[in-house]
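Q: Sharing a structure below in structure tokens format, with a few things to ask.
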Amino acid sequence: MKSGAVLTERQQKWFATVQANFEKATGKPVAAWVEIMKACPETAPRAQAAWLKANHGVGQNHAAQILDACRPSDGPGWDEPEALRQALWKDPGSLAILEAIERLAGGADGVISGQRKGYTSFSRAVQFAATRPLKGGRALLGLKLDPAVSVRLTPALRRESWSERLNAVVELDGPEQVDAEIARLFAMAAENG
């Protein structure tokens, strides 16, 4: 696993393209969208993104850029992965599960771990796994797999902020549950990424 990497080369190129083509794709510069957002009746970010799409045809990725420009940062940004990690993984139990998953990732070739505000991602060319803490020192692991490949997996029913390609999830109650079966599933998902 590449240490300190936040995005794969493919992801870096994609983000650069989205940013470079923002004004052409949306018809306005970011500053104009910030002004438009002053008329938005919604206060929650997801509702604001839905409002942008319904009223202005703005897609999810461009909406995220607009919303990011509308509010001052209330915490660490993408370029501060260690600070993001510390803010998200405060619970020692959840952190122990993350560390067990990271040990699996370390054994997989070409895997890059990226820290986001709400989850930790694992990618090769594309994201194939992500994990986020759950209350009570637990964690949720999402994998780019068909849930039918293991009795440990369930379909991803809740819409997570990570990639929609992660179709299967497993709740982990402790680091000991990151066992041989989870290692097998992680490796299968890595092959998909």
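Just remember, in the structure tokens the first chain shown is A, the second B, etc., residues are 1-based per chain, and ligands are 1-based in the order shown.
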Taking the backbone alone, and naming residues the way the document does, which bits of region 68-130 of chain A are helix (DSSP H, G or I) by DSSP, as a count of residues only?
A: 26
Q: List the spatial neighbours of region 37-49 of chain A as a ChimeraX atom specification - criterion: any atom at most 12 Å away, only C-alpha atoms, same-chain residues fewer than 2 positions off excluded.
A: /A:30-35,51-71,159-161
Q: What does the file look like for those residues with C-alpha atoms, as a tab-separated table (two decimals), in the first residue's frame?
A:
chain	number	residue	atom	x	y	z
A	30	VAL	CA	-17.72	29.19	-9.08
A	31	ALA	CA	-18.19	32.75	-7.73
A	32	ALA	CA	-21.48	33.08	-9.66
A	33	TRP	CA	-22.70	29.79	-8.19
A	34	VAL	CA	-21.85	30.98	-4.69
A	35	GLU	CA	-24.19	33.93	-5.30
A	51	TRP	CA	-31.67	21.75	-5.09
A	52	LEU	CA	-28.81	22.59	-7.45
A	53	LYS	CA	-29.63	19.56	-9.58
A	54	ALA	CA	-33.41	20.13	-9.61
A	55	ASN	CA	-33.28	23.87	-10.22
A	56	HIS	CA	-30.08	24.31	-12.22
A	57	GLY	CA	-29.17	20.89	-13.66
A	58	VAL	CA	-25.88	20.78	-11.74
A	59	GLY	CA	-24.44	17.28	-11.30
A	60	GLN	CA	-23.13	15.82	-8.05
A	61	ASN	CA	-19.43	16.55	-8.62
A	62	HIS	CA	-19.95	20.17	-9.61
A	63	ALA	CA	-22.42	20.62	-6.75
A	64	ALA	CA	-19.74	19.40	-4.35
A	65	GLN	CA	-17.34	22.05	-5.69
A	66	ILE	CA	-19.97	24.76	-5.34
A	67	LEU	CA	-20.90	23.75	-1.80
A	68	ASP	CA	-17.23	23.58	-0.85
A	69	ALA	CA	-16.77	27.16	-2.08
A	70	CYS	CA	-19.88	28.35	-0.21
A	71	ARG	CA	-18.76	27.50	3.27
A	159	ARG	CA	-26.50	5.52	0.60
A	160	GLU	CA	-22.92	6.09	1.73
A	161	SER	CA	-20.74	9.04	0.75
Q: Given only C-alpha atoms as the basis, pick out the residue of A:Glu80, A:Asp91, A:Asp146, A:Glu102 nearest to Lys117 (chain A).
A: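 Result for the nearest residue to Lys117 (chain A): A:Glu80.
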Q: Would you please give, as a PyMOL selection string, all residues of chain A that DSSP assigns to strand (DSSP E) based on the backbone?
A: chain A and resi 112-115+120-123+127-134+138-143+154-155+168-172
Q: Set out as JSON lines a contact list for region 62-112 of chain A and region 130-136 of chain A with a cut-off of 10 Å, giving each residue of region 62-112 of chain A that qualifies its closest atom pair and distance in Å to one decimal, counting only C-alpha atoms, ordered by chain and rising residue number.
A:
{"residue": "A:Leu88", "atom": "CA", "partner": "A:Pro133", "partner_atom": "CA", "distance": 7.5}
{"residue": "A:Trp89", "atom": "CA", "partner": "A:Pro133", "partner_atom": "CA", "distance": 6.6}
{"residue": "A:Lys90", "atom": "CA", "partner": "A:Pro133", "partner_atom": "CA", "distance": 8.9}
{"residue": "A:Asp91", "atom": "CA", "partner": "A:Gly136", "partner_atom": "CA", "distance": 8.1}
{"residue": "A:Pro92", "atom": "CA", "partner": "A:Gly136", "partner_atom": "CA", "distance": 9.9}
{"residue": "A:Gly93", "atom": "CA", "partner": "A:Gly136", "partner_atom": "CA", "distance": 7.7}
{"residue": "A:Ser94", "atom": "CA", "partner": "A:Pro133", "partner_atom": "CA", "distance": 5.5}
{"residue": "A:Leu95", "atom": "CA", "partner": "A:Pro133", "partner_atom": "CA", "distance": 7.8}
{"residue": "A:Ile97", "atom": "CA", "partner": "A:Pro133", "partner_atom": "CA", "distance": 8.7}
{"residue": "A:Leu98", "atom": "CA", "partner": "A:Thr131", "partner_atom": "CA", "distance": 7.4}
{"residue": "A:Ile101", "atom": "CA", "partner": "A:Thr131", "partner_atom": "CA", "distance": 8.6}
Q: Quick check, in Å to one decimal: how far apart do CA of Gly193 (chain A) and CA of Leu84 (chain A) lie?
A: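 A separation of 23.6 Å between them.
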Q: Which is closer to Phe128 (chain A) than all the others in A:Asn167, A:Val18, A:Gly174, A:Val151, using only C-alpha atoms?
A: A:Asn167
Q: Figure out the distance between CA of Ala183 (chain A) and CA of Arg124 (chain A), please, to one decimal in Å.
A: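 If I compute the distance from CA of Arg124 (chain A) to CA of Ala183 (chain A), I get 16.4 Å.
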Q: Measure the distance from CA of Ala129 (chain A) to CA of Pro155 (chain A) in Å and round it to one decimal.
A: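 Interatomic distance, CA of Ala129 (chain A) to CA of Pro155 (chain A): 13.9 Å.
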Q: Taking into account only C-alpha atoms, which residue in the set A:Thr26, A:Ser163, A:Gln19, A:Gln115 is nearest to Gln86 (chain A)?
A: A:Gln115
Q: Using only C-alpha atoms, which of A:Arg152, A:Thr17, A:Ser113, A:Ala108 sits nearest Ala189 (chain A)?
A: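 When distances to Ala189 (chain A) are compared using only C-alpha atoms, the smallest one comes from A:Ala108.
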Q: Considering only C-alpha atoms, can you say which of A:Asp173, A:Asp109, A:Glu191, A:Glu23 comes closest to Val126 (chain A)?
A: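 Of A:Asp173, A:Asp109, A:Glu191, A:Glu23, the one nearest Val126 (chain A), counting only C-alpha atoms, is A:Glu191.
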Q: Quick one: everything within 6 Å of Ala168 (chain A), counting only C-alpha atoms, minus sequence neighbours fewer than 2 positions away in the same chain. Send it as an MDAnalysis selection string.
A: chainID A and resid 142:143 145 147 153:156 166
